[in-house]
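Colleague: Got upload-v8.txt for you, compact mmCIF, C-alpha atoms and all ligand atoms:
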# COMPACT_ATOMS: atom_id res chain seq x y z
CA MET A 7 0.00 0.00 0.00
CA THR A 8 1.15 3.56 -0.67
CA ASP A 9 1.18 6.21 2.05
CA SER A 10 -2.01 8.25 1.60
CA PRO A 11 -1.83 11.56 3.49
CA PRO A 12 -4.61 12.89 5.73
CA ASP A 13 -6.39 16.08 4.67
CA LEU A 14 -4.59 19.03 6.27
CA ARG A 15 -5.78 21.59 3.74
CA GLY A 16 -5.97 25.05 5.27
CA ARG A 17 -4.33 23.92 8.53
CA ARG A 18 -1.51 26.17 9.78
CA ILE A 19 1.37 24.38 11.43
CA LEU A 20 4.24 26.18 13.08
CA LEU A 21 7.11 23.68 12.95
CA GLY A 22 9.82 24.37 15.51
CA VAL A 23 13.09 22.64 14.67
CA CYS A 24 15.75 22.15 17.34
CA GLY A 25 19.35 21.05 17.20
CA GLY A 26 19.97 17.32 16.83
CA ILE A 27 20.68 14.85 14.09
CA ALA A 28 16.92 14.24 13.69
CA ALA A 29 16.66 17.81 12.33
CA TYR A 30 17.21 16.32 8.88
CA LYS A 31 13.97 14.33 9.34
CA ALA A 32 12.12 17.59 10.03
CA ALA A 33 12.72 18.47 6.36
CA ASP A 34 10.85 15.31 5.35
CA LEU A 35 8.15 16.10 7.91
CA SER A 36 7.64 19.61 6.50
CA ARG A 37 7.36 18.09 2.99
CA ARG A 38 4.74 15.59 4.17
CA LEU A 39 2.72 18.28 5.95
CA ILE A 40 2.80 20.43 2.81
CA GLU A 41 1.77 17.44 0.66
CA ALA A 42 -1.20 16.91 2.99
CA GLY A 43 -2.23 20.51 2.24
CA ALA A 44 -0.99 22.24 5.41
CA ASP A 45 0.49 25.72 5.50
CA VAL A 46 3.84 25.31 7.27
CA GLN A 47 6.00 27.98 8.88
CA VAL A 48 9.37 26.76 10.12
CA VAL A 49 11.10 28.34 13.10
CA MET A 50 14.64 27.08 13.76
CA THR A 51 16.82 27.35 16.82
CA ASP A 52 20.48 28.34 16.39
CA ASN A 53 21.49 24.76 17.12
CA ALA A 54 19.13 23.38 14.46
CA ALA A 55 20.93 25.51 11.88
CA ARG A 56 24.13 23.60 12.66
CA PHE A 57 22.49 20.40 11.38
CA VAL A 58 20.37 21.54 8.44
CA GLY A 59 20.23 24.76 6.44
CA ALA A 60 17.34 27.21 6.44
CA ALA A 61 17.39 27.13 2.63
CA THR A 62 16.17 23.51 2.72
CA PHE A 63 13.07 24.41 4.70
CA GLN A 64 12.48 27.55 2.70
CA ALA A 65 12.52 25.56 -0.54
CA LEU A 66 10.14 22.93 0.89
CA THR A 67 7.63 25.28 2.53
CA GLY A 68 7.88 28.23 0.16
CA LYS A 69 8.29 30.55 3.17
CA PRO A 70 11.35 32.20 4.67
CA VAL A 71 12.45 30.41 7.81
CA ARG A 72 12.22 32.43 11.02
CA ASP A 73 15.15 32.02 13.38
CA SER A 74 15.67 35.23 15.30
CA LEU A 75 13.81 37.49 17.69
CA TRP A 76 15.96 40.30 16.42
CA ASP A 77 15.18 40.04 12.71
CA ALA A 78 14.05 43.64 12.13
CA GLN A 79 12.47 42.94 8.75
CA ALA A 80 10.52 39.86 9.87
CA GLU A 81 9.41 41.50 13.10
CA SER A 82 8.17 44.50 11.14
CA HIS A 83 5.46 42.48 9.30
CA MET A 84 4.86 39.25 11.22
CA GLY A 85 6.17 39.66 14.70
CA HIS A 86 6.58 36.77 17.05
CA ILE A 87 3.23 37.48 18.72
CA GLU A 88 1.44 37.36 15.38
CA LEU A 89 3.29 34.16 14.53
CA ALA A 90 2.16 32.66 17.84
CA ARG A 91 -1.45 33.51 16.98
CA TRP A 92 -1.19 32.44 13.36
CA ALA A 93 -0.68 28.73 14.07
CA ASP A 94 -3.46 26.17 14.52
CA LEU A 95 -0.82 23.94 16.13
CA ILE A 96 2.79 24.37 17.23
CA LEU A 97 4.83 21.22 16.69
CA VAL A 98 8.41 21.11 17.95
CA ALA A 99 10.15 18.30 16.04
CA PRO A 100 12.76 17.31 16.86
CA ALA A 101 12.45 18.58 20.42
CA SER A 102 15.87 18.43 22.08
CA ALA A 103 16.35 17.84 25.82
CA ASN A 104 17.56 21.45 26.05
CA THR A 105 14.46 22.91 24.41
CA LEU A 106 12.13 20.70 26.47
CA ALA A 107 13.85 22.09 29.57
CA ARG A 108 13.53 25.67 28.29
CA LEU A 109 9.82 25.19 27.52
CA ALA A 110 9.13 23.49 30.84
CA HIS A 111 10.74 26.40 32.68
CA GLY A 112 9.12 29.13 30.62
CA LEU A 113 12.32 30.60 29.22
CA ALA A 114 12.02 33.12 26.41
CA ASP A 115 15.62 33.17 25.28
CA ASP A 116 15.10 32.65 21.54
CA LEU A 117 12.31 33.01 18.97
CA LEU A 118 10.92 29.48 19.34
CA ALA A 119 10.75 29.55 23.15
CA THR A 120 9.31 33.08 23.12
CA LEU A 121 6.51 32.33 20.74
CA VAL A 122 5.59 29.12 22.57
CA LEU A 123 5.32 31.20 25.73
CA ALA A 124 3.27 33.81 23.91
CA SER A 125 0.88 31.33 22.32
CA ASP A 126 -2.39 29.81 23.51
CA ARG A 127 -2.42 27.32 20.60
CA PRO A 128 -2.07 23.55 21.09
CA LEU A 129 1.55 22.51 21.51
CA ALA A 130 3.02 19.12 20.60
CA VAL A 131 6.63 18.01 20.99
CA ALA A 132 8.43 15.11 19.31
CA PRO A 133 11.47 14.40 21.49
CA ALA A 134 14.69 13.17 19.90
CA MET A 135 17.81 12.53 21.92
CA ASN A 136 20.26 9.95 23.20
CA ARG A 137 18.63 7.27 25.37
CA LEU A 138 20.47 8.37 28.53
CA MET A 139 19.40 11.98 28.06
CA TRP A 140 15.83 10.74 27.51
CA ASN A 141 15.90 8.65 30.69
CA ALA A 142 17.58 11.36 32.76
CA PRO A 143 15.35 12.35 35.72
CA ALA A 144 15.65 16.02 34.73
CA THR A 145 14.25 15.32 31.23
CA GLN A 146 11.46 13.13 32.60
CA ASP A 147 10.55 15.81 35.17
CA ASN A 148 10.42 18.43 32.43
CA LEU A 149 8.18 16.17 30.34
CA ALA A 150 5.88 15.57 33.31
CA THR A 151 5.59 19.35 33.73
CA LEU A 152 4.80 19.82 30.04
CA ARG A 153 2.27 16.96 30.01
CA ALA A 154 0.55 18.38 33.08
CA ARG A 155 0.09 21.62 31.11
CA GLY A 156 -1.59 19.74 28.27
CA VAL A 157 1.41 19.56 25.94
CA ARG A 158 1.16 16.44 23.73
CA VAL A 159 4.35 14.37 23.73
CA LEU A 160 4.62 12.40 20.49
CA GLY A 161 7.03 9.51 20.86
CA PRO A 162 9.90 9.00 21.04
CA GLY A 163 10.43 5.66 19.35
CA ALA A 164 13.09 3.12 20.22
CA GLY A 165 15.85 1.66 18.07
CA PHE A 166 19.30 2.39 16.69
CA GLN A 167 20.52 5.89 17.49
CA ALA A 168 22.93 8.10 15.58
CA CYS A 169 25.29 8.02 18.60
CA GLY A 170 25.69 4.26 18.05
CA GLU A 171 23.54 3.21 20.99
CA THR A 172 20.22 1.44 20.89
CA GLY A 173 17.25 2.48 23.00
CA GLU A 174 14.46 4.98 23.46
CA GLY A 175 14.92 8.49 22.11
CA ARG A 176 14.50 8.30 18.32
CA MET A 177 12.16 10.88 16.82
CA ARG A 178 8.91 9.39 15.54
CA GLU A 179 8.88 8.87 11.78
CA PRO A 180 7.74 11.91 9.74
CA SER A 181 4.68 10.10 8.28
CA ASP A 182 3.57 9.11 11.81
CA LEU A 183 4.04 12.67 13.06
CA ARG A 184 2.00 14.01 10.13
CA ASP A 185 -0.82 11.59 11.05
CA ASP A 186 -0.49 12.61 14.73
CA VAL A 187 -0.90 16.24 13.66
CA ALA A 188 -4.09 15.34 11.75
CA GLY A 189 -5.39 13.50 14.82
CA LEU A 190 -4.57 16.41 17.14
CA LEU A 191 -6.26 18.93 14.89
CA GLY A 192 -9.40 16.80 14.89
CA PRO A 193 -11.99 16.18 12.23
CA HIS A 194 -11.64 18.46 9.28
CA GLY A 195 -12.78 18.28 5.72
CA PRO A 196 -16.04 17.98 3.83
CA LEU A 197 -17.28 15.08 5.98
CA ALA A 198 -16.26 16.54 9.34
CA GLY A 199 -18.50 15.24 12.10
CA ARG A 200 -20.50 12.95 9.77
CA HIS A 201 -21.10 9.31 10.67
CA ALA A 202 -20.24 6.92 7.84
CA VAL A 203 -20.75 3.15 7.85
CA VAL A 204 -18.52 1.01 5.63
CA THR A 205 -18.92 -2.75 5.18
CA ALA A 206 -15.75 -4.54 4.10
CA GLY A 207 -14.18 -7.93 3.53
CA PRO A 208 -15.77 -11.31 2.97
CA THR A 209 -18.45 -13.13 4.94
CA ARG A 210 -18.26 -16.77 6.04
CA GLU A 211 -21.28 -19.08 5.91
CA PRO A 212 -20.76 -22.15 8.10
CA ILE A 213 -21.36 -25.67 6.73
CA ASP A 214 -20.43 -27.50 9.91
CA PRO A 215 -18.21 -26.63 12.93
CA VAL A 216 -15.02 -26.64 10.81
CA ARG A 217 -16.03 -25.68 7.26
CA PHE A 218 -17.50 -22.59 5.67
CA ILE A 219 -18.32 -20.98 2.33
CA THR A 220 -16.52 -17.71 1.66
CA ASN A 221 -14.97 -15.65 -1.18
CA ARG A 222 -11.65 -14.06 -2.11
CA SER A 223 -12.24 -10.58 -0.64
CA SER A 224 -9.25 -9.39 1.39
CA GLY A 225 -10.96 -6.26 2.73
CA LYS A 226 -8.24 -4.02 1.23
CA GLN A 227 -10.61 -1.90 -0.86
CA GLY A 228 -13.12 -1.45 1.96
CA TYR A 229 -10.48 -0.63 4.58
CA ALA A 230 -8.83 1.88 2.24
CA LEU A 231 -12.17 3.56 1.71
CA ALA A 232 -12.91 3.63 5.44
CA ARG A 233 -9.53 5.30 6.00
CA ALA A 234 -10.11 7.81 3.18
CA LEU A 235 -13.55 8.77 4.54
CA ALA A 236 -12.05 9.23 8.01
CA GLN A 237 -9.36 11.44 6.49
CA LEU A 238 -12.15 13.63 5.08
CA GLY A 239 -13.40 14.05 8.65
CA ALA A 240 -16.00 11.28 8.93
CA ARG A 241 -16.47 9.16 12.03
CA VAL A 242 -16.40 5.70 10.49
CA SER A 243 -18.03 2.47 11.71
CA LEU A 244 -16.23 -0.26 9.81
CA ILE A 245 -18.27 -3.46 9.75
CA SER A 246 -15.77 -6.08 8.75
CA GLY A 247 -15.81 -9.73 7.83
CA PRO A 248 -12.67 -11.75 8.71
CA THR A 249 -9.49 -10.03 7.40
CA GLN A 250 -5.83 -9.68 8.38
CA LEU A 251 -5.94 -5.88 8.25
CA ALA A 252 -5.32 -3.31 10.99
CA VAL A 253 -8.10 -0.88 11.93
CA PRO A 254 -7.48 2.37 10.01
CA PRO A 255 -7.09 5.58 12.09
CA GLY A 256 -10.41 7.29 12.80
CA CYS A 257 -12.44 4.07 12.38
CA VAL A 258 -14.19 1.82 14.88
CA ARG A 259 -14.30 -1.80 13.73
CA ILE A 260 -17.28 -4.07 14.33
CA GLU A 261 -16.22 -7.65 13.57
CA VAL A 262 -18.72 -10.06 12.06
CA GLU A 263 -18.56 -13.39 10.31
CA THR A 264 -21.79 -14.28 8.54
CA ALA A 265 -23.94 -12.23 6.17
CA ALA A 266 -26.76 -12.28 8.74
CA GLN A 267 -24.42 -10.84 11.39
CA MET A 268 -23.18 -8.20 8.94
CA CYS A 269 -26.78 -7.29 8.11
CA ALA A 270 -27.72 -6.91 11.78
CA ALA A 271 -24.62 -4.79 12.50
CA ALA A 272 -25.27 -2.67 9.39
CA LEU A 273 -28.88 -1.96 10.37
CA ASP A 274 -27.78 -1.07 13.87
CA ALA A 275 -25.00 1.30 12.76
CA ALA A 276 -27.05 2.79 9.91
CA ALA A 277 -29.68 4.00 12.37
CA SER A 278 -27.39 6.91 13.36
CA ALA A 279 -25.46 7.26 10.08
CA GLU A 280 -25.56 9.85 7.32
CA LEU A 281 -23.54 7.85 4.80
CA PHE A 282 -23.40 4.12 4.02
CA VAL A 283 -20.90 2.37 1.75
CA GLY A 284 -21.17 -1.34 0.98
CA THR A 285 -17.82 -2.67 -0.22
CA ALA A 286 -18.19 -6.08 1.45
CA ALA A 287 -18.43 -9.19 -0.67
CA VAL A 288 -21.49 -10.61 1.06
CA ALA A 289 -22.52 -14.22 0.55
CA ASP A 290 -25.76 -14.31 -1.40
CA TYR A 291 -26.66 -17.73 0.06
CA ARG A 292 -26.13 -19.58 3.33
CA VAL A 293 -26.33 -23.26 4.16
CA GLN A 294 -29.89 -24.21 5.05
CA ASP A 295 -29.08 -26.69 7.80
CA VAL A 296 -25.70 -26.10 9.42
CA ALA A 297 -24.45 -29.44 10.81
CA THR A 298 -23.69 -29.41 14.51
CA ASP A 299 -21.06 -32.16 14.08
CA LYS A 300 -18.33 -32.40 11.48
CA ILE A 301 -19.80 -33.90 8.31
CA LYS A 302 -18.26 -37.29 7.52
CA LYS A 303 -17.13 -38.41 4.04
CA THR A 304 -19.74 -40.87 2.81
CA GLY A 305 -20.90 -40.90 -0.83
CA THR A 306 -18.85 -39.76 -3.84
CA THR A 307 -21.02 -36.67 -4.18
CA MET A 308 -22.65 -34.46 -1.63
CA GLN A 309 -25.39 -31.86 -1.80
CA LEU A 310 -25.83 -28.77 0.31
CA ALA A 311 -29.14 -26.93 0.26
CA LEU A 312 -28.58 -23.16 0.28
CA VAL A 313 -31.04 -20.42 1.14
CA ARG A 314 -30.91 -16.82 0.01
CA ASN A 315 -29.46 -14.22 2.40
CA ASP A 316 -31.09 -10.83 2.75
CA ASP A 317 -29.52 -8.11 0.65
CA ILE A 318 -27.96 -5.74 3.19
CA LEU A 319 -28.22 -2.65 1.01
CA VAL A 320 -31.91 -3.32 0.34
CA ARG A 321 -32.61 -3.81 4.06
CA VAL A 322 -30.71 -0.64 5.02
CA ARG A 323 -32.50 1.38 2.33
CA ALA A 324 -35.88 0.16 3.57
CA ALA A 325 -34.96 1.22 7.11
CA ARG A 326 -33.41 4.56 6.11
CA PRO A 327 -34.97 6.04 2.94
CA ASP A 328 -33.07 9.31 3.55
CA LEU A 329 -29.56 7.79 3.88
CA PHE A 330 -26.86 8.58 1.29
CA MET A 331 -25.91 5.10 0.06
CA VAL A 332 -23.05 3.85 -2.09
CA GLY A 333 -22.85 0.29 -3.37
CA PHE A 334 -20.18 -1.70 -5.18
CA ALA A 335 -20.71 -4.01 -8.12
CA ALA A 336 -18.35 -6.89 -8.85
CA GLU A 337 -18.90 -7.97 -12.44
CA THR A 338 -17.21 -10.23 -14.95
CA GLU A 339 -19.10 -8.80 -17.97
CA ASN A 340 -21.52 -6.00 -18.98
CA LEU A 341 -20.11 -3.78 -16.23
CA GLU A 342 -22.21 -0.69 -16.82
CA ALA A 343 -25.52 -2.48 -17.49
CA HIS A 344 -25.24 -4.68 -14.40
CA ALA A 345 -24.01 -1.82 -12.21
CA ARG A 346 -26.79 0.52 -13.31
CA ASP A 347 -29.33 -2.23 -12.70
CA LYS A 348 -28.04 -2.58 -9.09
CA LEU A 349 -27.98 1.22 -8.67
CA ALA A 350 -31.68 1.39 -9.53
CA ARG A 351 -32.85 -1.85 -7.86
CA LYS A 352 -31.09 -1.13 -4.56
CA GLN A 353 -32.01 2.59 -4.68
CA LEU A 354 -28.42 3.76 -4.27
CA ASN A 355 -27.03 7.25 -4.77
CA LEU A 356 -23.78 5.99 -6.33
CA ILE A 357 -22.34 2.65 -7.36
CA ALA A 358 -18.65 1.81 -7.91
CA ALA A 359 -18.20 -1.06 -10.34
CA ASN A 360 -15.09 -3.17 -10.77
CA ARG A 361 -14.32 -5.98 -13.18
CA VAL A 362 -13.49 -9.16 -11.31
CA GLY A 363 -11.77 -12.35 -12.39
CA PRO A 364 -8.37 -13.98 -11.96
CA GLY A 365 -5.93 -11.33 -10.65
CA ARG A 366 -8.55 -8.57 -10.75
CA ALA A 367 -10.10 -6.57 -7.90
CA PHE A 368 -10.32 -9.38 -5.31
CA ASP A 369 -7.26 -9.81 -3.06
CA VAL A 370 -4.85 -7.67 -5.13
CA ASP A 371 -3.35 -4.25 -4.35
CA ASP A 372 -4.56 -2.34 -7.43
CA ASN A 373 -8.03 -1.80 -8.78
CA GLN A 374 -9.96 0.21 -11.34
CA LEU A 375 -13.44 1.61 -10.77
CA SER A 376 -16.28 2.96 -12.90
CA VAL A 377 -18.60 5.03 -10.77
CA TYR A 378 -22.21 5.51 -11.89
CA TRP A 379 -25.07 7.64 -10.66
CA ALA A 380 -28.37 8.71 -12.19
CA GLY A 381 -27.36 10.81 -15.17
CA GLY A 382 -23.60 10.57 -14.77
CA GLN A 383 -20.44 8.52 -14.46
CA ARG A 384 -16.71 8.87 -13.65
CA GLU A 385 -13.84 6.54 -14.56
CA LEU A 386 -11.19 6.06 -11.86
CA ALA A 387 -8.13 4.70 -13.67
CA SER A 388 -6.14 1.69 -12.44
CA ALA A 389 -4.21 2.59 -9.27
CA PRO A 390 -3.36 1.24 -5.81
CA LYS A 391 -6.55 0.71 -3.81
CA ASP A 392 -5.78 3.46 -1.31
CA VAL A 393 -5.26 6.01 -4.10
CA LEU A 394 -8.56 4.96 -5.69
CA ALA A 395 -10.24 5.07 -2.29
CA ARG A 396 -9.14 8.65 -1.84
CA GLU A 397 -10.57 9.64 -5.25
CA LEU A 398 -13.79 7.76 -4.57
CA ALA A 399 -14.12 9.30 -1.10
CA LEU A 400 -13.78 12.79 -2.59
CA LEU A 401 -16.41 11.94 -5.21
CA ILE A 402 -18.73 10.56 -2.53
CA ALA A 403 -18.19 13.71 -0.42
CA GLU A 404 -18.92 15.93 -3.43
CA HIS A 405 -22.25 14.14 -4.11
CA PHE A 406 -23.08 13.87 -0.42
CA VAL A 407 -22.53 17.57 0.21
CA THR A 408 -24.38 18.80 -2.89
CA GLY A 409 -27.20 16.23 -2.45
CA PRO A 410 -28.67 13.72 -4.89
O1 LIG B 1 -11.71 -6.92 -0.51
P1 LIG B 1 -10.79 -6.77 -1.69
O2 LIG B 1 -9.88 -7.98 -1.89
O3 LIG B 1 -10.02 -5.48 -1.67
O4 LIG B 1 -11.71 -6.73 -3.01
C1 LIG B 1 -12.56 -5.64 -3.22
C2 LIG B 1 -13.91 -6.08 -3.79
C3 LIG B 1 -13.70 -6.67 -5.16
C4 LIG B 1 -14.58 -7.10 -2.86
C5 LIG B 1 -14.81 -4.78 -3.87
O5 LIG B 1 -14.19 -3.85 -4.70
C6 LIG B 1 -16.19 -5.10 -4.37
O6 LIG B 1 -16.46 -5.17 -5.57
N1 LIG B 1 -17.16 -5.30 -3.44
C7 LIG B 1 -18.53 -5.75 -3.73
C8 LIG B 1 -18.53 -7.24 -3.92
C9 LIG B 1 -19.92 -7.79 -4.21
O7 LIG B 1 -20.39 -8.59 -3.46
O8 LIG B 1 -20.52 -7.28 -5.25
P2 LIG B 1 -22.00 -7.66 -5.75
O9 LIG B 1 -22.06 -7.08 -7.13
O10 LIG B 1 -22.24 -9.10 -5.57
O11 LIG B 1 -22.95 -6.87 -4.76
C10 LIG B 1 -23.45 -5.58 -5.05
C11 LIG B 1 -23.58 -4.76 -3.80
O12 LIG B 1 -24.55 -5.37 -2.93
C12 LIG B 1 -22.30 -4.65 -2.98
O13 LIG B 1 -22.22 -3.34 -2.49
C13 LIG B 1 -22.50 -5.64 -1.85
O14 LIG B 1 -21.83 -5.23 -0.66
C14 LIG B 1 -24.02 -5.57 -1.66
N2 LIG B 1 -24.62 -6.82 -1.15
C15 LIG B 1 -24.48 -8.00 -1.79
C16 LIG B 1 -25.10 -9.13 -1.30
C17 LIG B 1 -25.86 -9.04 -0.12
N3 LIG B 1 -26.47 -10.10 0.43
N4 LIG B 1 -25.98 -7.85 0.50
C18 LIG B 1 -25.40 -6.75 0.00
O15 LIG B 1 -25.51 -5.66 0.57
Please, can you express the file's structure as structure tokens?

Modeller:
Amino acid sequence: MTDSPPDLRGRRILLGVCGGIAAYKAADLSRRLIEAGADVQVVMTDNAARFVGAATFQALTGKPVRDSLWDAQAESHMGHIELARWADLILVAPASANTLARLAHGLADDLLATLVLASDRPLAVAPAMNRLMWNAPATQDNLATLRARGVRVLGPGAGFQACGETGEGRMREPSDLRDDVAGLLGPHGPLAGRHAVVTAGPTREPIDPVRFITNRSSGKQGYALARALAQLGARVSLISGPTQLAVPPGCVRIEVETAAQMCAAALDAAASAELFVGTAAVADYRVQDVATDKIKKTGTTMQLALVRNDDILVRVRAARPDLFMVGFAAETENLEAHARDKLARKQLNLIAANRVGPGRAFDVDDNQLSVYWAGGQRELASAPKDVLARELALLIAEHFVTGP
């Protein structure tokens, strides 16, 4: 999977960079924040400038780096007080032991420390230092003071350190810090505060205590979509059949096994939802009489009577005529005709159709989608599932916000 950034469009991050070898990672962090749409202003300490040049940050952020309280030109148009008010979040990364001590004790001996003191904006620090400095009682006391004031301490991680030692004190990875920033800033984006339900993965229909009928769905497409909707601000209930995947940030997973369980969970979650997306590959039939004991080999053939499962989308639509609903269609032929038939029959607002077959859509990393709605369509070209999910989530948000 590729790394799909959260939506930080319009968010203003003041990135304080302190002295330490991890300062080079702050350049990558500023790039990732910019890629996610954030407006980034870098403030460097004198010691940071010994590790990485201001020109690097200026090129990445498109803004002159601020590094002095005594810069007459900078102070004439955006003084340190204005800078302190400008930010939605101040992130100090890397945060050295020295700067943590200065912040804990309220010093105002350089631009970064002064504007932290002069700001009422949320403050997060990403410590980076040698493991002994990290474990030193003085550092831990300073961190306790900062935490008690509501400062968020992100990391550090453990592992190999530039000084040759191994232990706690490594700065968290830039992509993790970017996601932390998104989490700290809270829901944002066109679906902010909306409750979305996503079904994902396969279902399992038991035959006897050890056997079941299932399909090849891995859950990758559904999980990627759940993540993308959460990144647009939605609160996501992810109703999942059995998969090996981790719960995406911003999602609450409800684990189910059978189609009947998925249907019950979907109806329950849909009662308070504003958006419903069915990406799950739900079994259309279940075994009529599930054996309580393991079925023994007897004849050369065997017959299982199957009964039709309820269609989850149809049941949810009947319960919630007002809900914005998106379905998927997995087709081997006549993609548009079959998808449009499902769009109409299941009374959906949108349907995303994919061609399935050996090596296509099910249990692979890439996919291709044709999205249909009454009077329109959009082709989403072949791409990794998380990239497609992001495009589809934006399309869903566009239709959801403007209405059917
Ligand atoms: O999980 P991956 O490996 O990433 O693969 C992704 C995928 C191929 C499973 C996904 O992209 C996909 O196509 N999901 C829908 C699979 C499917 O069951 O399609 P369908 O055409 O049979 O069903 C149409 C729609 O009705 C789907 O939204 C389905 O969730 C829904 N349905 C189906 C049966 C049923 N009893 N209840 C339903 O709600």

Colleague: Please provide the set of residues having any atom within 7 Å of range 299-308 of chain A, restricted to only C-alpha atoms, with same-chain residues fewer than 2 positions apart removed, written as number ranges by chain.

Modeller: A: 214-216, 297, 310

Colleague: Work out where the centre of an axis-aligned box around every listed atom of range 194-198 of chain A lies and how long its edges are once 4 Å is added on each side; give both in Å to one decimal as lines of an AutoDock Vina configuration file.

Modeller:
center_x = -14.5
center_y = 16.8
center_z = 6.6
size_x = 13.6
size_y = 11.4
size_z = 13.5

Colleague: Per residue of chain A within 8 Å of ligand LIG 1 (chain B), record the nearest atom pair and its distance in Å to one decimal, counting all atoms listed in the file, with rows in chain order and ascending residue number, as a Markdown table.

Modeller:
| residue | atom | partner | partner_atom | distance |
| --- | --- | --- | --- | --- |
| A:Thr205 | CA | B:LIG1 | O14 | 7.0 |
| A:Ala206 | CA | B:LIG1 | O1 | 6.6 |
| A:Gly207 | CA | B:LIG1 | O1 | 4.8 |
| A:Pro208 | CA | B:LIG1 | O1 | 6.9 |
| A:Arg222 | CA | B:LIG1 | O2 | 6.3 |
| A:Ser223 | CA | B:LIG1 | O1 | 3.7 |
| A:Ser224 | CA | B:LIG1 | O2 | 3.6 |
| A:Gly225 | CA | B:LIG1 | O1 | 3.4 |
| A:Lys226 | CA | B:LIG1 | O3 | 3.7 |
| A:Gln227 | CA | B:LIG1 | O3 | 3.7 |
| A:Gly228 | CA | B:LIG1 | O1 | 6.2 |
| A:Tyr229 | CA | B:LIG1 | O3 | 7.9 |
| A:Ala265 | CA | B:LIG1 | N3 | 6.6 |
| A:Cys269 | CA | B:LIG1 | N4 | 7.7 |
| A:Val283 | CA | B:LIG1 | O13 | 7.2 |
| A:Gly284 | CA | B:LIG1 | O13 | 4.1 |
| A:Thr285 | CA | B:LIG1 | N1 | 4.2 |
| A:Ala286 | CA | B:LIG1 | O14 | 4.3 |
| A:Ala287 | CA | B:LIG1 | O7 | 3.5 |
| A:Val288 | CA | B:LIG1 | C16 | 4.6 |
| A:Ala289 | CA | B:LIG1 | N3 | 5.7 |
| A:Asp290 | CA | B:LIG1 | N3 | 4.6 |
| A:Tyr291 | CA | B:LIG1 | N3 | 7.6 |
| A:Asn315 | CA | B:LIG1 | N3 | 5.5 |
| A:Asp316 | CA | B:LIG1 | N3 | 5.2 |
| A:Asp317 | CA | B:LIG1 | N4 | 3.6 |
| A:Ile318 | CA | B:LIG1 | O15 | 3.6 |
| A:Leu319 | CA | B:LIG1 | O15 | 4.1 |
| A:Val320 | CA | B:LIG1 | O15 | 6.8 |
| A:Val332 | CA | B:LIG1 | O13 | 7.2 |
| A:Gly333 | CA | B:LIG1 | O13 | 3.8 |
| A:Phe334 | CA | B:LIG1 | O13 | 3.8 |
| A:Ala335 | CA | B:LIG1 | O9 | 3.5 |
| A:Ala336 | CA | B:LIG1 | O9 | 4.1 |
| A:Glu337 | CA | B:LIG1 | O9 | 6.2 |
| A:Ala345 | CA | B:LIG1 | O9 | 7.6 |
| A:Lys348 | CA | B:LIG1 | C10 | 6.8 |
| A:Lys352 | CA | B:LIG1 | O12 | 8.0 |
| A:Ile357 | CA | B:LIG1 | O13 | 7.7 |
| A:Ala358 | CA | B:LIG1 | O6 | 7.7 |
| A:Ala359 | CA | B:LIG1 | O6 | 6.5 |
| A:Asn360 | CA | B:LIG1 | O6 | 5.7 |
| A:Arg361 | CA | B:LIG1 | O6 | 7.9 |
| A:Val362 | CA | B:LIG1 | C3 | 6.6 |
| A:Arg366 | CA | B:LIG1 | C3 | 7.8 |
| A:Ala367 | CA | B:LIG1 | C3 | 4.5 |
| A:Phe368 | CA | B:LIG1 | O2 | 3.7 |
| A:Asp369 | CA | B:LIG1 | O2 | 3.4 |
| A:Val370 | CA | B:LIG1 | O2 | 6.0 |
| A:Asp371 | CA | B:LIG1 | O3 | 7.3 |
| A:Asn373 | CA | B:LIG1 | O5 | 7.7 |
| A:Lys391 | CA | B:LIG1 | O3 | 7.4 |

Colleague: Expressed in Å to a single decimal, how great is the separation between CA of Cys169 in chain A and CA of Thr67 in chain A?

Modeller: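 If I compute the distance from CA of Cys169 in chain A to CA of Thr67 in chain A, I get 29.5 Å.
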
Colleague: (2.9, 24.3, 13.5) in this file's frame - what residues fall within 8 Å of it? Use all atoms listed in the file and give the answer as a ChimeraX atom specification.

Modeller: /A:18-22,46-48,93-98

Colleague: Counting all atoms listed in the file, write as an MDAnalysis selection string all protein and nucleic acid residues lying at most 9 Å from (-8.8, 2.7, 5.1) in the file's frame.

Modeller: chainID A and resid 226:237 253:255 257 392 395

Colleague: If you count all atoms listed in the file, which residues fall within 10 Å of Leu89 in chain A, apart from same-chain ones fewer than 4 positions away, as a PyMOL selection string?

Modeller: chain A and resi 20+47+49+72+81+84-85+93+121-122+124-125

Colleague: Just to confirm, what's the straight-line distance from CA of Leu197 in chain A to CA of Gly239 in chain A in Å (one decimal)?

Modeller: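 About the pair CA of Leu197 in chain A and CA of Gly239 in chain A: they are 4.8 Å apart.
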
Colleague: Name the closest residue to Ala240 in chain A among the candidates A:Ala198, A:Ala119, A:Met50, A:Ala60; distances are taken between atoms, counting all atoms listed in the file.

Modeller: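 Closest to Ala240 in chain A of all the choices is A:Ala198.
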
Colleague: Rounded to one decimal in Å, what is the spacing between CA of Gln353 in chain A and CA of Ser243 in chain A?

Modeller: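 So the answer is 21.5 Å.
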
Colleague: Find the spatial neighbours of Ala380 in chain A, counting all atoms listed in the file, within a cut-off of 10 Å - ignore same-chain residues fewer than 4 positions away - and output them as a ChimeraX atom specification.

Modeller: /A:346,349-350,354-357,410
